[in-house]
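Novice: Provided herewith: run-v4.pdb, PDB, C-alpha atoms.
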```pdb
MODEL        1
ATOM      1  CA  MET R   1       0.000   0.000   0.000
ATOM      2  CA  GLY R   2       1.067   3.582  -0.579
ATOM      3  CA  ASP R   3       2.497   5.886   2.026
ATOM      4  CA  ILE R   4       2.006   9.434   3.254
ATOM      5  CA  VAL R   5       3.532  12.261   1.227
ATOM      6  CA  SER R   6       3.750  15.650   2.908
ATOM      7  CA  LEU R   7       3.657  18.960   1.015
ATOM      8  CA  VAL R   8       4.945  22.006   2.879
ATOM      9  CA  ARG R   9       5.619  25.567   1.810
ATOM     10  CA  ALA R  10       9.169  26.774   2.394
ATOM     11  CA  HIS R  11      10.498  30.289   2.112
ATOM     12  CA  SER R  12      13.974  31.234   1.021
ATOM     13  CA  SER R  13      15.970  31.734   4.220
ATOM     14  CA  GLU R  14      18.036  28.812   5.481
ATOM     15  CA  ARG R  15      16.217  28.871   8.819
ATOM     16  CA  GLU R  16      12.786  28.800   7.166
ATOM     17  CA  VAL R  17      13.824  25.934   4.885
ATOM     18  CA  LYS R  18      15.030  23.970   7.907
ATOM     19  CA  ASP R  19      11.759  24.598   9.774
ATOM     20  CA  SER R  20       9.758  23.489   6.726
ATOM     21  CA  ILE R  21      11.772  20.259   6.496
ATOM     22  CA  ALA R  22      11.143  19.504  10.181
ATOM     23  CA  TYR R  23       7.426  20.187   9.709
ATOM     24  CA  ALA R  24       7.270  17.982   6.588
ATOM     25  CA  LEU R  25       8.923  15.102   8.455
ATOM     26  CA  GLY R  26       6.570  15.595  11.382
ATOM     27  CA  LEU R  27       3.579  15.276   9.055
ATOM     28  CA  ILE R  28       4.748  11.827   7.921
ATOM     29  CA  ASP R  29       5.734  10.897  11.495
ATOM     30  CA  PHE R  30       9.232   9.939  10.413
ATOM     31  CA  HIS R  31      11.324   7.838  12.790
ATOM     32  CA  ALA R  32      14.582   6.093  11.957
ATOM     33  CA  GLU R  33      14.692   2.389  12.622
ATOM     34  CA  GLY R  34      17.443   1.698  15.123
ATOM     35  CA  PRO R  35      20.320   3.933  16.244
ATOM     36  CA  VAL R  36      21.717   6.505  13.827
ATOM     37  CA  ARG R  37      25.506   6.819  13.766
ATOM     38  CA  SER R  38      25.990   7.523  10.070
ATOM     39  CA  VAL R  39      23.948   9.397   7.457
ATOM     40  CA  ALA R  40      24.280   9.493   3.654
ATOM     41  CA  ILE R  41      22.461  12.334   1.866
ATOM     42  CA  LYS R  42      22.084  11.747  -1.892
ATOM     43  CA  ALA R  43      21.714  15.115  -3.598
ATOM     44  CA  ASN R  44      20.920  15.560  -7.287
ATOM     45  CA  LEU R  45      23.997  17.222  -8.817
ATOM     46  CA  CYS R  46      23.477  16.065 -12.385
ATOM     47  CA  TYR R  47      25.574  18.867 -13.906
ATOM     48  CA  TYR R  48      27.188  22.198 -13.048
ATOM     49  CA  TRP R  49      24.071  24.414 -13.088
ATOM     50  CA  SER R  50      23.174  26.211  -9.866
ATOM     51  CA  ALA R  51      20.068  25.400  -7.850
ATOM     52  CA  ALA R  52      18.394  28.542  -9.220
ATOM     53  CA  THR R  53      18.013  26.755 -12.590
ATOM     54  CA  GLY R  54      15.927  23.985 -11.024
ATOM     55  CA  GLN R  55      18.457  21.377 -12.189
ATOM     56  CA  THR R  56      20.343  20.667  -8.944
ATOM     57  CA  THR R  57      19.601  20.234  -5.252
ATOM     58  CA  ASP R  58      19.773  23.480  -3.299
ATOM     59  CA  PRO R  59      22.463  23.448  -0.568
ATOM     60  CA  ARG R  60      19.946  25.159   1.746
ATOM     61  CA  VAL R  61      17.784  22.023   1.672
ATOM     62  CA  VAL R  62      20.752  19.777   2.447
ATOM     63  CA  SER R  63      21.813  22.194   5.194
ATOM     64  CA  GLY R  64      18.353  21.960   6.756
ATOM     65  CA  ILE R  65      18.490  18.162   6.676
ATOM     66  CA  ILE R  66      21.921  18.170   8.321
ATOM     67  CA  ASP R  67      20.648  20.407  11.135
ATOM     68  CA  TYR R  68      17.542  18.248  11.550
ATOM     69  CA  VAL R  69      19.405  14.936  11.895
ATOM     70  CA  ARG R  70      21.940  16.431  14.310
ATOM     71  CA  GLU R  71      19.237  17.879  16.525
ATOM     72  CA  ARG R  72      17.371  14.586  16.497
ATOM     73  CA  TYR R  73      20.178  12.014  16.599
ATOM     74  CA  GLY R  74      23.154  13.854  18.073
ATOM     75  CA  THR R  75      26.000  16.087  16.968
ATOM     76  CA  ASP R  76      28.596  13.285  16.842
ATOM     77  CA  ILE R  77      27.032  11.332  13.966
ATOM     78  CA  SER R  78      28.940  10.932  10.702
ATOM     79  CA  ILE R  79      27.258  12.764   7.803
ATOM     80  CA  ARG R  80      28.147  12.459   4.123
ATOM     81  CA  VAL R  81      26.693  14.243   1.116
ATOM     82  CA  VAL R  82      27.084  11.781  -1.745
ATOM     83  CA  GLU R  83      26.826  11.805  -5.529
ATOM     84  CA  ALA R  84      28.238   9.696  -8.374
ATOM     85  CA  ASP R  85      30.009  10.799 -11.543
ATOM     86  CA  GLY R  86      27.948  11.152 -14.703
ATOM     87  CA  THR R  87      28.737  10.933 -18.385
ATOM     88  CA  ALA R  88      29.628  14.637 -18.571
ATOM     89  CA  MET R  89      29.826  15.517 -14.863
ATOM     90  CA  ARG R  90      32.540  14.913 -12.310
ATOM     91  CA  THR R  91      31.235  14.934  -8.775
ATOM     92  CA  ASN R  92      34.224  16.687  -7.224
ATOM     93  CA  HIS R  93      33.836  19.587  -9.671
ATOM     94  CA  ALA R  94      30.097  19.773  -8.952
ATOM     95  CA  PHE R  95      30.734  19.887  -5.198
ATOM     96  CA  LEU R  96      33.057  22.846  -5.734
ATOM     97  CA  MET R  97      30.969  24.754  -8.253
ATOM     98  CA  LEU R  98      27.557  24.308  -6.606
ATOM     99  CA  GLY R  99      28.416  25.462  -3.095
ATOM    100  CA  TYR R 100      28.843  22.084  -1.410
ATOM    101  CA  GLU R 101      32.483  22.513  -0.433
ATOM    102  CA  GLU R 102      31.505  25.683   1.390
ATOM    103  CA  LEU R 103      28.611  23.826   3.037
ATOM    104  CA  ALA R 104      30.916  20.989   4.090
ATOM    105  CA  LYS R 105      33.275  23.425   5.827
ATOM    106  CA  GLU R 106      30.412  25.256   7.520
ATOM    107  CA  LYS R 107      28.700  22.088   8.771
ATOM    108  CA  SER R 108      31.815  19.915   9.290
ATOM    109  CA  ILE R 109      30.504  17.100   7.094
ATOM    110  CA  GLU R 110      32.101  14.942   4.394
ATOM    111  CA  LEU R 111      31.585  15.110   0.640
ATOM    112  CA  PHE R 112      31.906  11.705  -0.994
ATOM    113  CA  ASN R 113      32.082  10.584  -4.617
ATOM    114  CA  LEU R 114      30.204   7.290  -4.912
ATOM    115  CA  SER R 115      32.120   6.463  -8.093
ATOM    116  CA  LYS R 116      35.287   6.213  -5.957
ATOM    117  CA  ASP R 117      33.696   3.853  -3.445
ATOM    118  CA  SER R 118      34.249   0.131  -3.191
ATOM    119  CA  VAL R 119      31.585  -1.377  -5.414
ATOM    120  CA  CYS R 120      29.725  -4.632  -5.753
ATOM    121  CA  GLU R 121      27.728  -5.880  -8.707
ATOM    122  CA  LYS R 122      24.061  -6.589  -8.193
ATOM    123  CA  SER R 123      21.770  -8.118 -10.793
ATOM    124  CA  VAL R 124      17.996  -7.899 -10.753
ATOM    125  CA  GLU R 125      15.268  -8.992 -13.145
ATOM    126  CA  VAL R 126      12.730  -6.441 -14.348
ATOM    127  CA  GLY R 127      10.116  -7.308 -16.964
ATOM    128  CA  GLY R 128      12.018 -10.441 -17.945
ATOM    129  CA  ARG R 129      15.289  -8.520 -18.457
ATOM    130  CA  GLU R 130      18.291  -9.077 -16.192
ATOM    131  CA  ILE R 131      19.999  -5.778 -15.363
ATOM    132  CA  THR R 132      23.345  -5.485 -13.592
ATOM    133  CA  PHE R 133      24.411  -2.436 -11.585
ATOM    134  CA  ARG R 134      27.663  -1.393  -9.928
ATOM    135  CA  ILE R 135      26.573  -0.397  -6.429
ATOM    136  CA  PRO R 136      28.608   1.722  -3.968
ATOM    137  CA  GLN R 137      28.974  -0.486  -0.902
ATOM    138  CA  SER R 138      28.856   2.391   1.587
ATOM    139  CA  LEU R 139      25.153   2.878   0.825
ATOM    140  CA  TYR R 140      24.493  -0.534   2.400
ATOM    141  CA  SER R 141      26.349   0.285   5.606
ATOM    142  CA  THR R 142      24.935   3.724   6.407
ATOM    143  CA  ASP R 143      22.304   3.860   9.154
ATOM    144  CA  LEU R 144      20.193   6.553   7.502
ATOM    145  CA  PHE R 145      20.075   6.940   3.713
ATOM    146  CA  ILE R 146      18.282  10.150   2.684
ATOM    147  CA  ASN R 147      17.280  10.767  -0.922
ATOM    148  CA  VAL R 148      17.106  14.498  -1.844
ATOM    149  CA  PRO R 149      15.901  14.809  -5.461
ATOM    150  CA  LYS R 150      14.663  17.737  -7.501
ATOM    151  CA  LEU R 151      11.161  18.253  -8.899
ATOM    152  CA  LYS R 152      11.710  18.508 -12.648
ATOM    153  CA  THR R 153      10.687  17.173 -16.033
ATOM    154  CA  ALA R 154      12.691  15.252 -18.631
ATOM    155  CA  ARG R 155      11.896  14.424 -22.239
ATOM    156  CA  GLN R 156      12.614  10.695 -22.003
ATOM    157  CA  THR R 157      10.848   9.926 -18.702
ATOM    158  CA  LYS R 158       8.486  12.952 -18.480
ATOM    159  CA  ILE R 159       9.308  13.410 -14.803
ATOM    160  CA  THR R 160      12.431  12.974 -12.726
ATOM    161  CA  CYS R 161      12.260  12.973  -8.958
ATOM    162  CA  ALA R 162      12.730  10.375  -6.214
ATOM    163  CA  MET R 163      13.187   7.088  -8.096
ATOM    164  CA  LYS R 164      15.319   8.667 -10.821
ATOM    165  CA  ASN R 165      17.652  10.207  -8.221
ATOM    166  CA  ILE R 166      18.405   6.715  -6.910
ATOM    167  CA  PHE R 167      19.388   5.817 -10.491
ATOM    168  CA  GLY R 168      22.077   8.478 -10.006
ATOM    169  CA  CYS R 169      23.679   6.334  -7.290
ATOM    170  CA  ILE R 170      25.022   3.854  -9.844
ATOM    171  CA  ALA R 171      28.815   3.981  -9.551
ATOM    172  CA  SER R 172      29.440   3.729 -13.313
ATOM    173  CA  PRO R 173      29.701   7.202 -14.883
ATOM    174  CA  ARG R 174      28.251   6.131 -18.250
ATOM    175  CA  LYS R 175      24.684   5.599 -17.124
ATOM    176  CA  ILE R 176      23.629   6.315 -20.687
ATOM    177  CA  VAL R 177      24.096   2.580 -21.401
ATOM    178  CA  TYR R 178      20.807   2.017 -19.530
ATOM    179  CA  HIS R 179      18.833   4.483 -21.660
ATOM    180  CA  PRO R 180      17.447   1.936 -24.173
ATOM    181  CA  PHE R 181      15.564   0.365 -21.227
ATOM    182  CA  LEU R 182      15.556   3.320 -18.838
ATOM    183  CA  SER R 183      12.192   2.690 -17.142
ATOM    184  CA  GLU R 184      13.234  -0.866 -16.293
ATOM    185  CA  ALA R 185      16.659   0.351 -15.096
ATOM    186  CA  ILE R 186      15.089   2.964 -12.806
ATOM    187  CA  VAL R 187      12.851   0.313 -11.275
ATOM    188  CA  GLY R 188      15.754  -2.143 -11.073
ATOM    189  CA  ILE R 189      18.035   0.161  -9.102
ATOM    190  CA  ASN R 190      15.153   0.968  -6.754
ATOM    191  CA  LYS R 191      14.779  -2.745  -6.123
ATOM    192  CA  VAL R 192      18.431  -2.817  -5.067
ATOM    193  CA  LEU R 193      18.757   0.428  -3.094
ATOM    194  CA  HIS R 194      16.167   1.521  -0.550
ATOM    195  CA  PRO R 195      16.489   5.011   0.963
ATOM    196  CA  ASN R 196      15.006   5.406   4.422
ATOM    197  CA  LEU R 197      13.641   8.843   3.639
ATOM    198  CA  THR R 198      12.993  11.098   0.639
ATOM    199  CA  VAL R 199      12.978  14.892   0.959
ATOM    200  CA  VAL R 200      12.204  16.646  -2.332
ATOM    201  CA  ASP R 201      13.727  20.039  -3.080
ATOM    202  CA  GLY R 202      10.878  21.864  -4.786
ATOM    203  CA  LEU R 203      12.060  25.364  -3.921
ATOM    204  CA  VAL R 204      12.551  25.829  -7.670
ATOM    205  CA  GLY R 205      10.782  23.395  -9.972
ATOM    206  CA  LEU R 206      11.843  22.866 -13.557
ATOM    207  CA  GLY R 207       9.342  22.352 -16.348
ATOM    208  CA  ARG R 208       9.174  24.375 -19.537
ATOM    209  CA  PHE R 209      11.202  26.901 -17.541
ATOM    210  CA  PRO R 210      12.326  27.190 -13.884
ATOM    211  CA  VAL R 211       9.614  28.351 -11.497
ATOM    212  CA  ARG R 212       9.727  29.223  -7.819
ATOM    213  CA  LEU R 213       7.418  26.766  -6.037
ATOM    214  CA  ASP R 214       8.651  27.133  -2.437
ATOM    215  CA  LEU R 215       7.837  23.454  -1.892
ATOM    216  CA  ILE R 216       9.301  20.734   0.304
ATOM    217  CA  MET R 217       7.959  17.187  -0.053
ATOM    218  CA  ALA R 218       8.703  14.249   2.235
ATOM    219  CA  SER R 219       7.909  10.532   2.301
ATOM    220  CA  ILE R 220       9.539   7.256   3.236
ATOM    221  CA  ASP R 221       8.552   5.766  -0.134
ATOM    222  CA  PRO R 222      10.089   6.926  -3.456
ATOM    223  CA  PHE R 223       7.213   5.451  -5.502
ATOM    224  CA  SER R 224       4.595   7.335  -3.486
ATOM    225  CA  THR R 225       6.670  10.504  -3.783
ATOM    226  CA  ASP R 226       6.824  10.208  -7.572
ATOM    227  CA  TRP R 227       3.126   9.337  -7.822
ATOM    228  CA  VAL R 228       2.293  12.680  -6.184
ATOM    229  CA  ALA R 229       5.127  14.589  -7.906
ATOM    230  CA  SER R 230       3.898  13.555 -11.355
ATOM    231  CA  GLN R 231       0.506  15.084 -10.599
ATOM    232  CA  ILE R 232       2.104  18.343  -9.477
ATOM    233  CA  MET R 233       4.045  18.434 -12.763
ATOM    234  CA  GLY R 234       0.837  17.888 -14.731
ATOM    235  CA  TYR R 235       1.168  14.234 -15.762
ATOM    236  CA  PRO R 236      -1.276  11.469 -14.802
ATOM    237  CA  PRO R 237       0.902   8.913 -12.964
ATOM    238  CA  SER R 238      -0.383   6.157 -15.246
ATOM    239  CA  THR R 239       1.422   7.848 -18.168
ATOM    240  CA  ILE R 240       4.845   7.646 -16.481
ATOM    241  CA  GLY R 241       6.655   4.599 -17.842
ATOM    242  CA  PHE R 242       8.763   3.721 -14.813
ATOM    243  CA  LEU R 243       5.757   4.068 -12.469
ATOM    244  CA  ARG R 244       3.823   1.589 -14.632
ATOM    245  CA  VAL R 245       6.781  -0.806 -14.543
ATOM    246  CA  ALA R 246       7.111  -0.352 -10.768
ATOM    247  CA  ARG R 247       3.478  -1.360 -10.282
ATOM    248  CA  LYS R 248       3.935  -4.466 -12.447
ATOM    249  CA  GLU R 249       7.021  -5.380 -10.422
ATOM    250  CA  SER R 250       5.151  -4.851  -7.109
ATOM    251  CA  LEU R 251       7.610  -2.121  -6.175
ATOM    252  CA  GLY R 252       4.828   0.391  -5.559
ATOM    253  CA  ASP R 253       1.092   0.585  -5.073
ATOM    254  CA  PRO R 254      -0.924   3.794  -5.443
ATOM    255  CA  LYS R 255      -3.696   2.466  -3.201
ATOM    256  CA  GLY R 256      -3.521   4.238   0.108
ATOM    257  CA  ILE R 257      -1.225   7.084  -0.966
ATOM    258  CA  THR R 258      -2.290  10.149   0.982
ATOM    259  CA  THR R 259      -0.998  13.707   1.142
ATOM    260  CA  ARG R 260      -0.742  15.938   4.182
ATOM    261  CA  GLY R 261      -0.097  19.650   4.395
ATOM    262  CA  GLU R 262      -0.715  21.825   1.350
ATOM    263  CA  ASN R 263      -3.043  20.869  -1.515
ATOM    264  CA  LEU R 264      -1.042  19.616  -4.496
ATOM    265  CA  ASN R 265      -3.293  21.562  -6.894
ATOM    266  CA  ALA R 266      -1.898  24.813  -5.536
ATOM    267  CA  PHE R 267       1.518  23.833  -6.917
ATOM    268  CA  LYS R 268       0.156  22.165 -10.056
ATOM    269  CA  LYS R 269      -1.503  25.439 -11.105
ATOM    270  CA  VAL R 270       1.835  27.238 -11.353
ATOM    271  CA  PHE R 271       4.085  24.412 -12.574
ATOM    272  CA  PRO R 272       5.049  25.081 -16.236
ATOM    273  CA  LYS R 273       4.408  21.673 -17.808
ATOM    274  CA  PRO R 274       6.362  21.349 -21.074
ATOM    275  CA  ASN R 275       4.821  20.169 -24.307
ATOM    276  CA  PHE R 276       7.357  17.596 -25.442
ATOM    277  CA  LEU R 277       5.334  16.430 -28.434
ATOM    278  CA  SER R 278       5.222  19.839 -30.110
ATOM    279  CA  SER R 279       8.992  20.228 -29.921
ATOM    280  CA  GLU R 280      10.050  16.633 -30.595
ATOM    281  CA  ALA R 281      10.993  16.988 -34.286
ATOM    282  CA  GLY R 282      12.979  20.172 -33.808
ATOM    283  CA  TRP R 283      14.706  18.807 -30.740
ATOM    284  CA  ALA R 284      15.728  15.600 -32.527
ATOM    285  CA  ALA R 285      17.452  17.636 -35.227
ATOM    286  CA  GLN R 286      19.247  19.824 -32.669
ATOM    287  CA  LEU R 287      20.415  16.816 -30.665
ATOM    288  CA  LYS R 288      21.726  15.176 -33.832
ATOM    289  CA  MET R 289      23.823  18.277 -34.523
ATOM    290  CA  LEU R 290      25.090  18.333 -30.934
ATOM    291  CA  ARG R 291      26.175  14.701 -31.181
ATOM    292  CA  LEU R 292      27.975  15.431 -34.439
ATOM    293  CA  TYR R 293      29.765  18.355 -32.784
ATOM    294  CA  ALA R 294      30.738  16.201 -29.800
ATOM    295  CA  HIS R 295      32.158  13.547 -32.112
ATOM    296  CA  ILE R 296      34.190  16.053 -34.178
ATOM    297  CA  VAL R 297      35.759  17.889 -31.236
ATOM    298  CA  ASN R 298      35.914  14.868 -28.883
ATOM    299  CA  ASP R 299      33.611  16.619 -26.398
ATOM    300  CA  VAL R 300      30.631  15.338 -24.420
ATOM    301  CA  ILE R 301      26.986  16.371 -24.359
ATOM    302  CA  PRO R 302      25.647  17.532 -20.979
ATOM    303  CA  PRO R 303      23.625  14.682 -19.489
ATOM    304  CA  PHE R 304      20.352  16.553 -19.144
ATOM    305  CA  LEU R 305      20.362  16.997 -22.950
ATOM    306  CA  GLU R 306      20.991  13.308 -23.616
ATOM    307  CA  GLU R 307      18.492  12.197 -20.959
ATOM    308  CA  SER R 308      15.745  14.744 -21.558
TER     309      SER R 308
ENDMDL
END
```
Take the structure in the file and give it back as structure tokens.
Specialist:
Amino acid sequence: MGDIVSLVRAHSSEREVKDSIAYALGLIDFHAEGPVRSVAIKANLCYYWSAATGQTTDPRVVSGIIDYVRERYGTDISIRVVEADGTAMRTNHAFLMLGYEELAKEKSIELFNLSKDSVCEKSVEVGGREITFRIPQSLYSTDLFINVPKLKTARQTKITCAMKNIFGCIASPRKIVYHPFLSEAIVGINKVLHPNLTVVDGLVGLGRFPVRLDLIMASIDPFSTDWVASQIMGYPPSTIGFLRVARKESLGDPKGITTRGENLNAFKKVFPKPNFLSSEAGWAAQLKMLRLYAHIVNDVIPPFLEES
């Protein structure tokens, strides 16, 4: 059965964001199972664009989560902000360029590149296809694994939020190899890795253009989070490929999903849903030219262009 998803308004100051996160977690009655000595916070740092673009997780949200877990579980716990390299993104550069090195110094926490971790291979079957992933082993040993995705759209999957951010944990940089069966791969990695908590950064949402939503979402279930997020972004959940696959694989069930806090329609009204169909032909031609350029100059295409 589905879980509770909280929707809370958050204003721009770091203190107000922190208070909104605490309120959102209170609405879902979040409690960690067992003692908490270590925490891994998976941000979405897909490329080098600032949080103001709606592409990457805002350091203010991560800061609020750090303060929350320290106040609740003690100041001596080990906290890591983690991300893995992408096809055209190196995590250490993203940490530097997006304000995370400054945050790490301020909060005395560690920044960790999952692509440099010890890895193990895990295989899982989805829809009759066996898919193998290289999994960072530290994600299995942390006491509290917190998923902190963005609320944004993408051409290939329509939406990208909680379940897609777990896809970003794969240690291999060239995640593009999974794109021919991306919905199955997203479901597969979510069968392998199970965050204890999801906190969505919806301060700025990204659809046809970035929009200030002032939204924090929270849930213990990535599927339930995405079921609600898709509605905010203007897509019936049944039209989202990886959510359909997740239901078939018994990874999620929309029955019983409830929201607490703000009404999702208040955010849906202002979210700028893109019209992918109207721009598909023109975009295909532009992407073809970009790939030709990348081949000629031995460059790479930013991942959001390849994945969108």
Novice: When the PyMOL selection byres ((chain R and resi 208-222) around 6) is applied to the structure above, which residues does it catch, written out as an NGL selection string?
Specialist: :R and (5-11 or 24 or 53-54 or 162-163 or 196-207 or 223-225 or 272-274)
Novice: The PyMOL selection byres ((chain R and resi 59) around 10) - which residues does that actually catch in the file I just gave you? List them as a PyMOL selection string.
Specialist: chain R and resi 14+43+50-51+56-58+60-65+98-100+102-104+201
Novice: Can you list what the PyMOL selection byres ((chain R and resi 193) around 10) grabs from this structure, as an mmCIF file with C-alpha atoms, keeping the file's coordinate frame?
Specialist:
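Listing of selection-v1.cif after writing:
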```cif
data_model
loop_
_atom_site.group_PDB
_atom_site.id
_atom_site.type_symbol
_atom_site.label_atom_id
_atom_site.label_comp_id
_atom_site.auth_asym_id
_atom_site.auth_seq_id
_atom_site.Cartn_x
_atom_site.Cartn_y
_atom_site.Cartn_z
ATOM 1 C CA ILE R 135 26.573 -0.397 -6.429
ATOM 2 C CA PRO R 136 28.608 1.722 -3.968
ATOM 3 C CA LEU R 139 25.153 2.878 0.825
ATOM 4 C CA TYR R 140 24.493 -0.534 2.400
ATOM 5 C CA PHE R 145 20.075 6.940 3.713
ATOM 6 C CA ILE R 166 18.405 6.715 -6.910
ATOM 7 C CA PHE R 167 19.388 5.817 -10.491
ATOM 8 C CA CYS R 169 23.679 6.334 -7.290
ATOM 9 C CA ILE R 170 25.022 3.854 -9.844
ATOM 10 C CA GLY R 188 15.754 -2.143 -11.073
ATOM 11 C CA ILE R 189 18.035 0.161 -9.102
ATOM 12 C CA ASN R 190 15.153 0.968 -6.754
ATOM 13 C CA LYS R 191 14.779 -2.745 -6.123
ATOM 14 C CA VAL R 192 18.431 -2.817 -5.067
ATOM 15 C CA HIS R 194 16.167 1.521 -0.550
ATOM 16 C CA PRO R 195 16.489 5.011 0.963
ATOM 17 C CA ASN R 196 15.006 5.406 4.422
#
```
Novice: Let me make sure I understand: among R:Phe95, R:Phe271, R:Trp49, R:Tyr68, which one has the smallest atom-to-atom distance to R:Ser20 if we use all atoms listed in the file?
Specialist: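 Closest candidate: R:Tyr68.
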Novice: Report, in Å to a single decimal, how far apart atom CA of R:Ala52 and atom CA of R:His93 are.
Specialist: 17.9 Å
Novice: Quote the spacing between atom CA of R:Leu243 and atom CA of R:Asn165 in Å to one decimal place.
Specialist: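 Separation of atom CA of R:Leu243 and atom CA of R:Asn165: 14.0 Å.
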Novice: Between atom CA of R:Gly241 and atom CA of R:Ile257, what is the distance in Å, rounded to a tenth?
Specialist: 18.8 Å
Novice: Using all atoms listed in the file - which residues lie no farther than 8 Å from the point (-1.3, 15.5, 0.3) in the file's frame? Write them as an mmCIF file with C-alpha atoms, in the frame of the given file.
Specialist:
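Dumped to result-v9.cif:
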```
data_model
loop_
_atom_site.group_PDB
_atom_site.id
_atom_site.type_symbol
_atom_site.label_atom_id
_atom_site.label_comp_id
_atom_site.auth_asym_id
_atom_site.auth_seq_id
_atom_site.Cartn_x
_atom_site.Cartn_y
_atom_site.Cartn_z
ATOM 1 C CA ILE R 4 2.006 9.434 3.254
ATOM 2 C CA VAL R 5 3.532 12.261 1.227
ATOM 3 C CA SER R 6 3.750 15.650 2.908
ATOM 4 C CA LEU R 7 3.657 18.960 1.015
ATOM 5 C CA VAL R 228 2.293 12.680 -6.184
ATOM 6 C CA THR R 258 -2.290 10.149 0.982
ATOM 7 C CA THR R 259 -0.998 13.707 1.142
ATOM 8 C CA ARG R 260 -0.742 15.938 4.182
ATOM 9 C CA GLY R 261 -0.097 19.650 4.395
ATOM 10 C CA GLU R 262 -0.715 21.825 1.350
ATOM 11 C CA ASN R 263 -3.043 20.869 -1.515
ATOM 12 C CA LEU R 264 -1.042 19.616 -4.496
#
```
Novice: Could you check the closest approach to R:His31 for each of R:Val69, R:Glu125, R:Ala94, R:His179 and tell me which residue wins, using only C-alpha atoms?
Specialist: R:Val69
Novice: Find the smallest box with edges along x, y and z containing every listed atom of stretch 21-30 of chain R, then add 5 Å on each side and report centre and edge lengths in Å to one decimal, as AutoDock Vina command-line options.
Specialist:
```
--center_x 7.7 --center_y 15.1 --center_z 9.0 --size_x 18.2 --size_y 20.3 --size_z 15.0
```
Novice: So which residues touch R:Lys268 within 7 Å, counting all atoms listed in the file, skipping near sequence neighbours fewer than 2 positions away, as a PyMOL selection string?
Specialist: chain R and resi 232-234+264-266+270-271
Novice: Return the single residue from R:Val177, R:Val119, R:Val126, R:Val39 that is closest to R:Val245, with distances computed using all atoms listed in the file.
Specialist: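 Closest residue, counting all atoms listed in the file: R:Val126.
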Novice: Using all atoms listed in the file - which residues lie no farther than 10 Å from the point (18.5, 0.9, -19.0) in the file's frame? Write them as a PyMOL selection string.
Specialist: chain R and resi 129+131-132+167+175-189
Novice: Extract stretch 137-150 of chain R from the structure I just pasted (atoms: C-alpha atoms) and return it as a compact mmCIF listing (two decimals), in the first residue's frame.
Specialist:
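Final output, out_0.txt:
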```txt
# COMPACT_ATOMS: atom_id res chain seq x y z
CA GLN R 137 28.97 -0.49 -0.90
CA SER R 138 28.86 2.39 1.59
CA LEU R 139 25.15 2.88 0.83
CA TYR R 140 24.49 -0.53 2.40
CA SER R 141 26.35 0.28 5.61
CA THR R 142 24.94 3.72 6.41
CA ASP R 143 22.30 3.86 9.15
CA LEU R 144 20.19 6.55 7.50
CA PHE R 145 20.07 6.94 3.71
CA ILE R 146 18.28 10.15 2.68
CA ASN R 147 17.28 10.77 -0.92
CA VAL R 148 17.11 14.50 -1.84
CA PRO R 149 15.90 14.81 -5.46
CA LYS R 150 14.66 17.74 -7.50
```
